[in-house]
Amino acid sequence: MADATALVTGAGNGLGRAIAQALAAAGYRVILAGRRAEPLAETAELIGGNCRIGQVDVADPASVRRLAAELADERISVLVNNAGVPGPVKPLVEIEAEEWDEVFAVNVRGMFLMCKAFLPPMIERGAGHVINLSSVSGKRPLALRTPYTASKMAVLGLTNTLGAEVGPAGVQVNSLSPGPVRGPRMSRNFKLEAQRLGITEADAEAAFAGRATLGRLVEEAEVGAAVVAMLQLSGLHCADIDLSAGMVAR
């Protein structure tokens with residue numbers, strides 16, 4: 001993969017950082033994209049070379065166009081749409097329209113804009129990969145998380161339809177749906193759940209992990225490894241890979 005370049009959004013922390021590290025370890029040149037320069041620089045330091053930073057707000061068309069212009073000299077063959085926001089944790093009837101719009105702006109509109117900007121060269125070359133990060137929450141109920149779950153279900157629809165459009169041109173489009181991944185975001189959710197139910201954060205985590213047939217959370221490194229594995233499957237297209245420790249099975 002010495003001549004392959006991957007663009008990863010939301011690469012400043014969490015899953016984006018883990019995915020970028022896994023791709024770099026597999027030999028890809030990685031472009032780290034995100035809104036804030038400092039976390040991206042931290043990821044670049046962890047990778048240690050063969051990477052580039054590009055600041056972007058994926059929900060802003062002008063920002064995405066600027067990034068595409070800055071990266072015009074790069075031959076990007078892999079686009080990993082990872083940037084996303086968790087949104088509010090409360091009943092739908094208490095959610096403000098602005099909160100709903102923010103989630104869809106980043107989680108869905110952002111993917112649309114990034115694909116629109118970076119797919120044309122792949123189509124012209126007749127080769128490329130797009131991997132969209134969805135979530136197991138887009139395939140099963142998750143109380144108090146309506147904007148997030150609805151946005152992740154939209155990602156699945158976007159992936160399938162886009163794949164049907166660009167597959168004949170040789171571009172593979174797939175999605176990856178992690179289950180609960182250990183990290184700051186899930187810790188936040190466990191804290192809110194504990195406060196809501198009047199239990200400890202440890203009990204909230206145990207209850208959530210118990211919904212998976214493996215009885216555990218997914219690790220960030222597993223998500224990075226899954227992205228690399230998906231890129232090695234030449235027949236994988238218009239598919240969603242479930243990485244939930246068996247969360248969907250219940």
# chains A, B, ... in the order shown; residues from 1 in each chain; ligands from 1
$ closest_atom_pairs --of "region 96-134 of chain A" --to "region 156-168 of chain A" --cutoff "12 Å" --atoms "only C-alpha atoms" --output "JSON lines"
{"residue": "A:Asn107", "atom": "CA", "partner": "A:Leu158", "partner_atom": "CA", "distance": 11.2}
{"residue": "A:Val108", "atom": "CA", "partner": "A:Leu158", "partner_atom": "CA", "distance": 8.3}
{"residue": "A:Arg109", "atom": "CA", "partner": "A:Leu158", "partner_atom": "CA", "distance": 10.3}
{"residue": "A:Gly110", "atom": "CA", "partner": "A:Leu158", "partner_atom": "CA", "distance": 11.7}
{"residue": "A:Met111", "atom": "CA", "partner": "A:Leu158", "partner_atom": "CA", "distance": 8.7}
{"residue": "A:Phe112", "atom": "CA", "partner": "A:Leu158", "partner_atom": "CA", "distance": 8.1}
{"residue": "A:Leu113", "atom": "CA", "partner": "A:Leu158", "partner_atom": "CA", "distance": 11.9}
{"residue": "A:Cys115", "atom": "CA", "partner": "A:Leu162", "partner_atom": "CA", "distance": 9.1}
{"residue": "A:Lys116", "atom": "CA", "partner": "A:Leu162", "partner_atom": "CA", "distance": 10.5}
{"residue": "A:Leu119", "atom": "CA", "partner": "A:Val166", "partner_atom": "CA", "distance": 8.8}
{"residue": "A:Pro120", "atom": "CA", "partner": "A:Val166", "partner_atom": "CA", "distance": 9.8}
{"residue": "A:Pro121", "atom": "CA", "partner": "A:Val166", "partner_atom": "CA", "distance": 11.8}
{"residue": "A:Met122", "atom": "CA", "partner": "A:Val166", "partner_atom": "CA", "distance": 9.4}
{"residue": "A:Ile123", "atom": "CA", "partner": "A:Val166", "partner_atom": "CA", "distance": 7.0}
{"residue": "A:Glu124", "atom": "CA", "partner": "A:Val166", "partner_atom": "CA", "distance": 10.6}
{"residue": "A:Arg125", "atom": "CA", "partner": "A:Val166", "partner_atom": "CA", "distance": 11.8}
{"residue": "A:Gly126", "atom": "CA", "partner": "A:Pro168", "partner_atom": "CA", "distance": 8.7}
{"residue": "A:Ala127", "atom": "CA", "partner": "A:Gly167", "partner_atom": "CA", "distance": 9.2}
{"residue": "A:Gly128", "atom": "CA", "partner": "A:Gly167", "partner_atom": "CA", "distance": 9.7}
{"residue": "A:His129", "atom": "CA", "partner": "A:Gly167", "partner_atom": "CA", "distance": 10.0}
{"residue": "A:Val130", "atom": "CA", "partner": "A:Thr159", "partner_atom": "CA", "distance": 8.7}
{"residue": "A:Ile131", "atom": "CA", "partner": "A:Thr159", "partner_atom": "CA", "distance": 8.4}
{"residue": "A:Asn132", "atom": "CA", "partner": "A:Thr159", "partner_atom": "CA", "distance": 7.0}
{"residue": "A:Leu133", "atom": "CA", "partner": "A:Leu156", "partner_atom": "CA", "distance": 9.0}
{"residue": "A:Ser134", "atom": "CA", "partner": "A:Leu156", "partner_atom": "CA", "distance": 6.8}
$ write_last_selection --atoms "N, CA and C atoms" --output "CSV table (one decimal), in the first residue's frame"
chain,number,residue,atom,x,y,z
A,107,ASN,N,-23.4,14.2,10.5
A,107,ASN,CA,-23.4,12.7,10.3
A,107,ASN,C,-23.9,12.3,8.9
A,108,VAL,N,-24.7,13.1,8.2
A,108,VAL,CA,-25.2,12.7,6.9
A,108,VAL,C,-24.8,13.7,5.8
A,109,ARG,N,-25.1,14.9,6.0
A,109,ARG,CA,-24.7,16.0,5.1
A,109,ARG,C,-23.2,16.0,4.9
A,110,GLY,N,-22.4,15.8,6.0
A,110,GLY,CA,-21.0,15.8,5.9
A,110,GLY,C,-20.5,14.7,4.9
A,111,MET,N,-21.1,13.5,5.0
A,111,MET,CA,-20.7,12.4,4.2
A,111,MET,C,-21.0,12.7,2.7
A,112,PHE,N,-22.2,13.2,2.5
A,112,PHE,CA,-22.6,13.6,1.2
A,112,PHE,C,-21.6,14.6,0.5
A,113,LEU,N,-21.2,15.6,1.3
A,113,LEU,CA,-20.3,16.6,0.8
A,113,LEU,C,-18.9,16.1,0.5
A,115,CYS,N,-18.2,12.9,-0.2
A,115,CYS,CA,-18.2,12.0,-1.3
A,115,CYS,C,-18.3,12.9,-2.6
A,116,LYS,N,-19.1,13.9,-2.6
A,116,LYS,CA,-19.3,14.7,-3.8
A,116,LYS,C,-18.0,15.4,-4.2
A,119,LEU,N,-15.1,11.8,-4.8
A,119,LEU,CA,-15.4,10.7,-5.6
A,119,LEU,C,-15.0,10.9,-7.1
A,120,PRO,N,-15.2,12.1,-7.7
A,120,PRO,CA,-14.9,12.2,-9.1
A,120,PRO,C,-13.6,11.7,-9.6
A,121,PRO,N,-12.5,12.0,-8.9
A,121,PRO,CA,-11.2,11.4,-9.4
A,121,PRO,C,-11.2,9.9,-9.3
A,122,MET,N,-11.8,9.3,-8.3
A,122,MET,CA,-11.9,7.8,-8.2
A,122,MET,C,-12.7,7.2,-9.4
A,123,ILE,N,-13.8,7.9,-9.7
A,123,ILE,CA,-14.6,7.4,-10.8
A,123,ILE,C,-13.8,7.5,-12.1
A,124,GLU,N,-13.1,8.6,-12.3
A,124,GLU,CA,-12.3,8.8,-13.5
A,124,GLU,C,-11.2,7.8,-13.6
A,125,ARG,N,-10.6,7.4,-12.5
A,125,ARG,CA,-9.6,6.4,-12.6
A,125,ARG,C,-10.1,5.0,-12.6
A,126,GLY,N,-11.4,4.8,-12.3
A,126,GLY,CA,-12.0,3.5,-12.3
A,126,GLY,C,-11.7,2.6,-11.1
A,127,ALA,N,-11.3,3.3,-10.0
A,127,ALA,CA,-10.9,2.5,-8.8
A,127,ALA,C,-11.0,3.4,-7.6
A,128,GLY,N,-11.3,2.8,-6.4
A,128,GLY,CA,-11.4,3.6,-5.2
A,128,GLY,C,-12.3,2.9,-4.2
A,129,HIS,N,-12.2,3.4,-3.0
A,129,HIS,CA,-13.0,2.8,-1.9
A,129,HIS,C,-13.6,4.0,-1.0
A,130,VAL,N,-14.8,3.8,-0.7
A,130,VAL,CA,-15.4,4.7,0.3
A,130,VAL,C,-16.0,3.8,1.4
A,131,ILE,N,-15.6,4.2,2.7
A,131,ILE,CA,-16.1,3.4,3.8
A,131,ILE,C,-16.8,4.5,4.7
A,132,ASN,N,-18.1,4.3,4.9
A,132,ASN,CA,-18.9,5.2,5.8
A,132,ASN,C,-19.1,4.6,7.1
A,133,LEU,N,-18.8,5.3,8.2
A,133,LEU,CA,-19.0,4.8,9.5
A,133,LEU,C,-20.5,5.0,9.9
A,134,SER,N,-21.2,3.9,10.1
A,134,SER,CA,-22.6,4.0,10.6
A,134,SER,C,-22.5,3.5,12.0
$ residues_around --residues "Thr5 (chain A)" --least-positions-apart "6" --cutoff "12 Å" --atoms "only C-alpha atoms" --output "list in words"
Ala20, Leu23, Ala24, Ala26, Gly27, Tyr28, Arg29, Val30, Ile31, Leu32, Asn50, Cys51, Arg52, Leu71, Asp73, Glu74, Arg75, Ile76, Ser77, Val78, Leu79, Val80, Met122, Gly128 and His129 of chain A
$ closest_residue --among "A:Ala4, A:Gly246, A:Ala11, A:Ala117" --to "Asp60 (chain A)" --atoms "only C-alpha atoms"
A:Ala117
$ residues_around --residues "Ala22 (chain A)" --least-positions-apart "6" --cutoff "9 Å" --atoms "only C-alpha atoms" --output "list in words"
Tyr28, Ala221, Val223, Gly224, Ala225, Val227 and Val228 of chain A
$ write_last_selection --atoms "C-alpha atoms" --output "mmCIF file, in the first residue's frame"
data_model
loop_
_atom_site.group_PDB
_atom_site.id
_atom_site.type_symbol
_atom_site.label_atom_id
_atom_site.label_comp_id
_atom_site.auth_asym_id
_atom_site.auth_seq_id
_atom_site.Cartn_x
_atom_site.Cartn_y
_atom_site.Cartn_z
ATOM 1 C CA TYR A 28 -1.176 3.712 3.601
ATOM 2 C CA ALA A 221 -8.276 -0.734 17.678
ATOM 3 C CA VAL A 223 -12.543 -0.706 14.411
ATOM 4 C CA GLY A 224 -9.270 0.353 12.800
ATOM 5 C CA ALA A 225 -8.434 -3.258 12.006
ATOM 6 C CA VAL A 227 -11.397 -0.831 8.069
ATOM 7 C CA VAL A 228 -8.076 -2.266 6.882
#
$ residues_around --residues "region 88-96 of chain A" --least-positions-apart "6" --cutoff "8 Å" --atoms "only C-alpha atoms" --output "ChimeraX atom specification"
/A:143-147,189,192
$ write_last_selection --atoms "N, CA and C atoms" --output "PDB file, in the first residue's frame"
ATOM      1  N   ALA A 143     -32.970   3.953  23.003  1.00  0.00           N
ATOM      2  CA  ALA A 143     -33.824   4.950  23.647  1.00  0.00           C
ATOM      3  C   ALA A 143     -33.081   6.252  23.900  1.00  0.00           C
ATOM      4  N   LEU A 144     -33.771   7.355  23.697  1.00  0.00           N
ATOM      5  CA  LEU A 144     -33.299   8.712  23.970  1.00  0.00           C
ATOM      6  C   LEU A 144     -32.233   9.194  22.989  1.00  0.00           C
ATOM      7  N   ARG A 145     -32.031   8.470  21.886  1.00  0.00           N
ATOM      8  CA  ARG A 145     -30.986   8.848  20.931  1.00  0.00           C
ATOM      9  C   ARG A 145     -31.554   8.947  19.512  1.00  0.00           C
ATOM     10  N   THR A 146     -32.764   9.466  19.383  1.00  0.00           N
ATOM     11  CA  THR A 146     -33.434   9.460  18.084  1.00  0.00           C
ATOM     12  C   THR A 146     -32.648  10.146  16.962  1.00  0.00           C
ATOM     13  N   PRO A 147     -32.115  11.361  17.145  1.00  0.00           N
ATOM     14  CA  PRO A 147     -31.382  11.985  16.030  1.00  0.00           C
ATOM     15  C   PRO A 147     -30.183  11.146  15.601  1.00  0.00           C
ATOM     16  N   ASN A 189     -21.938   8.706  27.687  1.00  0.00           N
ATOM     17  CA  ASN A 189     -23.270   8.102  27.673  1.00  0.00           C
ATOM     18  C   ASN A 189     -23.556   7.328  28.951  1.00  0.00           C
ATOM     19  N   LEU A 192     -24.384   9.798  31.737  1.00  0.00           N
ATOM     20  CA  LEU A 192     -25.750  10.322  31.624  1.00  0.00           C
ATOM     21  C   LEU A 192     -26.788   9.266  31.995  1.00  0.00           C
TER      22      LEU A 192
END
$ residues_around --residues "Leu67 (chain A)" --least-positions-apart "2" --cutoff "10 Å" --atoms "only C-alpha atoms" --output "PDB file with C-alpha atoms, in the first residue's frame"
ATOM      1  CA  ALA A  33      -8.979  15.638   8.356  1.00  0.00           C
ATOM      2  CA  GLY A  54      -6.190  18.999   6.402  1.00  0.00           C
ATOM      3  CA  GLN A  55      -8.608  21.089   8.440  1.00  0.00           C
ATOM      4  CA  VAL A  56     -12.237  20.881   7.423  1.00  0.00           C
ATOM      5  CA  ASP A  57     -15.775  21.250   8.697  1.00  0.00           C
ATOM      6  CA  VAL A  58     -17.470  18.434   6.794  1.00  0.00           C
ATOM      7  CA  PRO A  61     -19.699  23.066   1.617  1.00  0.00           C
ATOM      8  CA  ALA A  62     -17.161  25.885   1.320  1.00  0.00           C
ATOM      9  CA  SER A  63     -14.846  24.217   3.829  1.00  0.00           C
ATOM     10  CA  VAL A  64     -15.045  20.890   1.983  1.00  0.00           C
ATOM     11  CA  ARG A  65     -14.326  22.611  -1.339  1.00  0.00           C
ATOM     12  CA  ALA A  69      -8.514  22.245  -3.559  1.00  0.00           C
ATOM     13  CA  GLU A  70      -5.708  21.892  -0.993  1.00  0.00           C
ATOM     14  CA  LEU A  71      -5.471  18.169  -1.689  1.00  0.00           C
ATOM     15  CA  ALA A  72      -5.640  18.426  -5.475  1.00  0.00           C
ATOM     16  CA  MET A 114     -17.109  14.641   1.194  1.00  0.00           C
ATOM     17  CA  ALA A 117     -15.872  16.378  -3.509  1.00  0.00           C
ATOM     18  CA  PHE A 118     -13.575  13.339  -3.558  1.00  0.00           C
TER      19      PHE A 118
END
$ residues_around --residues "Phe190 (chain A)" --least-positions-apart "3" --cutoff "9 Å" --atoms "only C-alpha atoms" --output "JSON, numbers by chain"
{"A": [185, 186, 187, 193, 194, 195, 200, 201, 202, 203, 204, 205, 208]}
$ write_last_selection --atoms "N, CA and C atoms" --output "tab-separated table (two decimals), in the first residue's frame"
chain	number	residue	atom	x	y	z
A	185	ARG	N	-16.65	8.89	24.33
A	185	ARG	CA	-18.06	9.08	23.97
A	185	ARG	C	-18.97	8.14	24.75
A	186	MET	N	-18.58	6.86	24.83
A	186	MET	CA	-19.40	5.92	25.58
A	186	MET	C	-19.36	6.23	27.08
A	187	SER	N	-18.22	6.70	27.56
A	187	SER	CA	-18.13	7.08	28.98
A	187	SER	C	-19.12	8.19	29.29
A	193	GLU	N	-26.55	8.03	31.55
A	193	GLU	CA	-27.47	6.94	31.87
A	193	GLU	C	-27.50	6.67	33.36
A	194	ALA	N	-26.34	6.72	34.00
A	194	ALA	CA	-26.26	6.50	35.44
A	194	ALA	C	-27.03	7.58	36.20
A	195	GLN	N	-26.89	8.81	35.75
A	195	GLN	CA	-27.61	9.91	36.39
A	195	GLN	C	-29.11	9.76	36.21
A	200	THR	N	-24.67	3.47	39.40
A	200	THR	CA	-23.27	3.83	39.17
A	200	THR	C	-22.94	3.74	37.68
A	201	GLU	N	-21.89	4.45	37.28
A	201	GLU	CA	-21.45	4.39	35.89
A	201	GLU	C	-21.01	2.98	35.52
A	202	ALA	N	-20.39	2.29	36.47
A	202	ALA	CA	-19.95	0.91	36.21
A	202	ALA	C	-21.15	0.01	35.93
A	203	ASP	N	-22.23	0.21	36.69
A	203	ASP	CA	-23.43	-0.60	36.47
A	203	ASP	C	-24.08	-0.26	35.13
A	204	ALA	N	-24.04	1.03	34.78
A	204	ALA	CA	-24.60	1.44	33.49
A	204	ALA	C	-23.82	0.81	32.34
A	205	GLU	N	-22.49	0.76	32.45
A	205	GLU	CA	-21.66	0.14	31.42
A	205	GLU	C	-21.92	-1.37	31.35
A	208	PHE	N	-25.20	-2.10	29.63
A	208	PHE	CA	-25.13	-1.89	28.19
A	208	PHE	C	-24.35	-3.00	27.51
$ closest_residue --among "A:Ala59, A:Glu220, A:Arg17, A:Leu231" --to "Pro39 (chain A)" --atoms "only C-alpha atoms"
A:Arg17
$ atom_distance --atom1 "CA of Met247 (chain A)" --atom2 "CA of Ala207 (chain A)"
12.3 Å
$ atom_distance --atom1 "CA of Glu38 (chain A)" --atom2 "CA of Ala25 (chain A)"
21.7 Å
$ select_by_dssp --residues "region 6-181 of chain A" --states "alpha helix (DSSP H)" --output "ChimeraX atom specification"
/A:14-25,37-47,61-70,97-104,110-125,146-166
$ closest_residue --among "A:Thr149, A:Asn82, A:Ser175, A:Ser244" --to "Leu217 (chain A)" --atoms "only C-alpha atoms"
A:Ser244
$ residues_around --residues "Gly10 (chain A)" --least-positions-apart "5" --cutoff "6 Å" --atoms "only C-alpha atoms" --output "list in words"
Gly16, Gly34, Asn82 and Ala83 of chain A
$ write_last_selection --atoms "N, CA and C atoms" --output "PDB file, in the first residue's frame"
ATOM      1  N   GLY A  16     -11.657   7.851  14.634  1.00  0.00           N
ATOM      2  CA  GLY A  16     -10.896   8.401  13.517  1.00  0.00           C
ATOM      3  C   GLY A  16      -9.407   8.247  13.719  1.00  0.00           C
ATOM      4  N   GLY A  34     -10.099  17.086   9.932  1.00  0.00           N
ATOM      5  CA  GLY A  34     -10.941  17.388  11.084  1.00  0.00           C
ATOM      6  C   GLY A  34     -11.025  18.884  11.281  1.00  0.00           C
ATOM      7  N   ASN A  82     -15.703   9.226   8.701  1.00  0.00           N
ATOM      8  CA  ASN A  82     -15.859   8.869  10.106  1.00  0.00           C
ATOM      9  C   ASN A  82     -16.416  10.002  10.956  1.00  0.00           C
ATOM     10  N   ALA A  83     -16.245  11.252  10.538  1.00  0.00           N
ATOM     11  CA  ALA A  83     -16.659  12.390  11.357  1.00  0.00           C
ATOM     12  C   ALA A  83     -18.128  12.275  11.746  1.00  0.00           C
TER      13      ALA A  83
END
$ decode --residues "region 184-217 of chain A" --atoms "N, CA and C atoms" --output "PDB file, in the first residue's frame"
ATOM      1  N   PRO A 184     -14.152   7.863  25.255  1.00  0.00           N
ATOM      2  CA  PRO A 184     -14.777   9.031  25.887  1.00  0.00           C
ATOM      3  C   PRO A 184     -16.258   9.185  25.574  1.00  0.00           C
ATOM      4  N   ARG A 185     -16.652   8.893  24.334  1.00  0.00           N
ATOM      5  CA  ARG A 185     -18.063   9.078  23.968  1.00  0.00           C
ATOM      6  C   ARG A 185     -18.970   8.135  24.749  1.00  0.00           C
ATOM      7  N   MET A 186     -18.585   6.861  24.832  1.00  0.00           N
ATOM      8  CA  MET A 186     -19.402   5.920  25.579  1.00  0.00           C
ATOM      9  C   MET A 186     -19.355   6.228  27.077  1.00  0.00           C
ATOM     10  N   SER A 187     -18.215   6.699  27.558  1.00  0.00           N
ATOM     11  CA  SER A 187     -18.128   7.080  28.976  1.00  0.00           C
ATOM     12  C   SER A 187     -19.117   8.188  29.288  1.00  0.00           C
ATOM     13  N   ARG A 188     -19.257   9.132  28.348  1.00  0.00           N
ATOM     14  CA  ARG A 188     -20.235  10.210  28.511  1.00  0.00           C
ATOM     15  C   ARG A 188     -21.640   9.635  28.585  1.00  0.00           C
ATOM     16  N   ASN A 189     -21.938   8.706  27.687  1.00  0.00           N
ATOM     17  CA  ASN A 189     -23.270   8.102  27.673  1.00  0.00           C
ATOM     18  C   ASN A 189     -23.556   7.328  28.951  1.00  0.00           C
ATOM     19  N   PHE A 190     -22.549   6.601  29.457  1.00  0.00           N
ATOM     20  CA  PHE A 190     -22.736   5.843  30.691  1.00  0.00           C
ATOM     21  C   PHE A 190     -22.980   6.787  31.868  1.00  0.00           C
ATOM     22  N   LYS A 191     -22.294   7.916  31.873  1.00  0.00           N
ATOM     23  CA  LYS A 191     -22.483   8.895  32.951  1.00  0.00           C
ATOM     24  C   LYS A 191     -23.904   9.447  32.931  1.00  0.00           C
ATOM     25  N   LEU A 192     -24.384   9.798  31.737  1.00  0.00           N
ATOM     26  CA  LEU A 192     -25.750  10.322  31.624  1.00  0.00           C
ATOM     27  C   LEU A 192     -26.788   9.266  31.995  1.00  0.00           C
ATOM     28  N   GLU A 193     -26.548   8.028  31.549  1.00  0.00           N
ATOM     29  CA  GLU A 193     -27.475   6.943  31.865  1.00  0.00           C
ATOM     30  C   GLU A 193     -27.504   6.667  33.363  1.00  0.00           C
ATOM     31  N   ALA A 194     -26.337   6.721  33.997  1.00  0.00           N
ATOM     32  CA  ALA A 194     -26.256   6.495  35.441  1.00  0.00           C
ATOM     33  C   ALA A 194     -27.029   7.577  36.200  1.00  0.00           C
ATOM     34  N   GLN A 195     -26.890   8.811  35.748  1.00  0.00           N
ATOM     35  CA  GLN A 195     -27.606   9.910  36.390  1.00  0.00           C
ATOM     36  C   GLN A 195     -29.107   9.760  36.209  1.00  0.00           C
ATOM     37  N   ARG A 196     -29.514   9.322  35.023  1.00  0.00           N
ATOM     38  CA  ARG A 196     -30.939   9.176  34.730  1.00  0.00           C
ATOM     39  C   ARG A 196     -31.580   8.081  35.568  1.00  0.00           C
ATOM     40  N   LEU A 197     -30.840   6.967  35.782  1.00  0.00           N
ATOM     41  CA  LEU A 197     -31.398   5.808  36.480  1.00  0.00           C
ATOM     42  C   LEU A 197     -31.023   5.759  37.957  1.00  0.00           C
ATOM     43  N   GLY A 198     -30.128   6.639  38.376  1.00  0.00           N
ATOM     44  CA  GLY A 198     -29.705   6.624  39.766  1.00  0.00           C
ATOM     45  C   GLY A 198     -28.839   5.430  40.115  1.00  0.00           C
ATOM     46  N   ILE A 199     -27.966   5.022  39.161  1.00  0.00           N
ATOM     47  CA  ILE A 199     -27.068   3.889  39.389  1.00  0.00           C
ATOM     48  C   ILE A 199     -25.627   4.353  39.173  1.00  0.00           C
ATOM     49  N   THR A 200     -24.671   3.466  39.395  1.00  0.00           N
ATOM     50  CA  THR A 200     -23.272   3.827  39.170  1.00  0.00           C
ATOM     51  C   THR A 200     -22.942   3.739  37.684  1.00  0.00           C
ATOM     52  N   GLU A 201     -21.886   4.447  37.282  1.00  0.00           N
ATOM     53  CA  GLU A 201     -21.454   4.393  35.890  1.00  0.00           C
ATOM     54  C   GLU A 201     -21.014   2.981  35.515  1.00  0.00           C
ATOM     55  N   ALA A 202     -20.388   2.288  36.468  1.00  0.00           N
ATOM     56  CA  ALA A 202     -19.951   0.912  36.209  1.00  0.00           C
ATOM     57  C   ALA A 202     -21.146   0.010  35.934  1.00  0.00           C
ATOM     58  N   ASP A 203     -22.230   0.207  36.695  1.00  0.00           N
ATOM     59  CA  ASP A 203     -23.433  -0.596  36.474  1.00  0.00           C
ATOM     60  C   ASP A 203     -24.083  -0.256  35.130  1.00  0.00           C
ATOM     61  N   ALA A 204     -24.036   1.034  34.777  1.00  0.00           N
ATOM     62  CA  ALA A 204     -24.598   1.439  33.487  1.00  0.00           C
ATOM     63  C   ALA A 204     -23.817   0.811  32.340  1.00  0.00           C
ATOM     64  N   GLU A 205     -22.493   0.762  32.454  1.00  0.00           N
ATOM     65  CA  GLU A 205     -21.657   0.136  31.422  1.00  0.00           C
ATOM     66  C   GLU A 205     -21.922  -1.366  31.348  1.00  0.00           C
ATOM     67  N   ALA A 206     -22.013  -2.011  32.506  1.00  0.00           N
ATOM     68  CA  ALA A 206     -22.243  -3.458  32.536  1.00  0.00           C
ATOM     69  C   ALA A 206     -23.591  -3.812  31.912  1.00  0.00           C
ATOM     70  N   ALA A 207     -24.606  -2.993  32.185  1.00  0.00           N
ATOM     71  CA  ALA A 207     -25.928  -3.254  31.625  1.00  0.00           C
ATOM     72  C   ALA A 207     -25.915  -3.112  30.110  1.00  0.00           C
ATOM     73  N   PHE A 208     -25.199  -2.104  29.630  1.00  0.00           N
ATOM     74  CA  PHE A 208     -25.134  -1.887  28.192  1.00  0.00           C
ATOM     75  C   PHE A 208     -24.347  -2.997  27.511  1.00  0.00           C
ATOM     76  N   ALA A 209     -23.195  -3.356  28.083  1.00  0.00           N
ATOM     77  CA  ALA A 209     -22.371  -4.421  27.501  1.00  0.00           C
ATOM     78  C   ALA A 209     -23.109  -5.751  27.522  1.00  0.00           C
ATOM     79  N   GLY A 210     -23.995  -5.930  28.493  1.00  0.00           N
ATOM     80  CA  GLY A 210     -24.744  -7.170  28.605  1.00  0.00           C
ATOM     81  C   GLY A 210     -25.708  -7.400  27.464  1.00  0.00           C
ATOM     82  N   ARG A 211     -25.990  -6.349  26.685  1.00  0.00           N
ATOM     83  CA  ARG A 211     -26.880  -6.507  25.534  1.00  0.00           C
ATOM     84  C   ARG A 211     -26.173  -7.207  24.366  1.00  0.00           C
ATOM     85  N   ALA A 212     -24.839  -7.250  24.424  1.00  0.00           N
ATOM     86  CA  ALA A 212     -24.070  -7.921  23.371  1.00  0.00           C
ATOM     87  C   ALA A 212     -23.864  -9.379  23.746  1.00  0.00           C
ATOM     88  N   THR A 213     -23.945 -10.269  22.762  1.00  0.00           N
ATOM     89  CA  THR A 213     -23.816 -11.691  23.070  1.00  0.00           C
ATOM     90  C   THR A 213     -22.410 -12.049  23.544  1.00  0.00           C
ATOM     91  N   LEU A 214     -21.420 -11.249  23.198  1.00  0.00           N
ATOM     92  CA  LEU A 214     -20.075 -11.464  23.740  1.00  0.00           C
ATOM     93  C   LEU A 214     -19.908 -10.809  25.114  1.00  0.00           C
ATOM     94  N   GLY A 215     -20.878 -10.016  25.512  1.00  0.00           N
ATOM     95  CA  GLY A 215     -20.855  -9.423  26.841  1.00  0.00           C
ATOM     96  C   GLY A 215     -19.764  -8.409  27.066  1.00  0.00           C
ATOM     97  N   ARG A 216     -19.366  -7.691  26.010  1.00  0.00           N
ATOM     98  CA  ARG A 216     -18.307  -6.709  26.169  1.00  0.00           C
ATOM     99  C   ARG A 216     -18.458  -5.581  25.172  1.00  0.00           C
ATOM    100  N   LEU A 217     -17.694  -4.515  25.390  1.00  0.00           N
ATOM    101  CA  LEU A 217     -17.637  -3.421  24.443  1.00  0.00           C
ATOM    102  C   LEU A 217     -16.632  -3.745  23.338  1.00  0.00           C
TER     103      LEU A 217
END
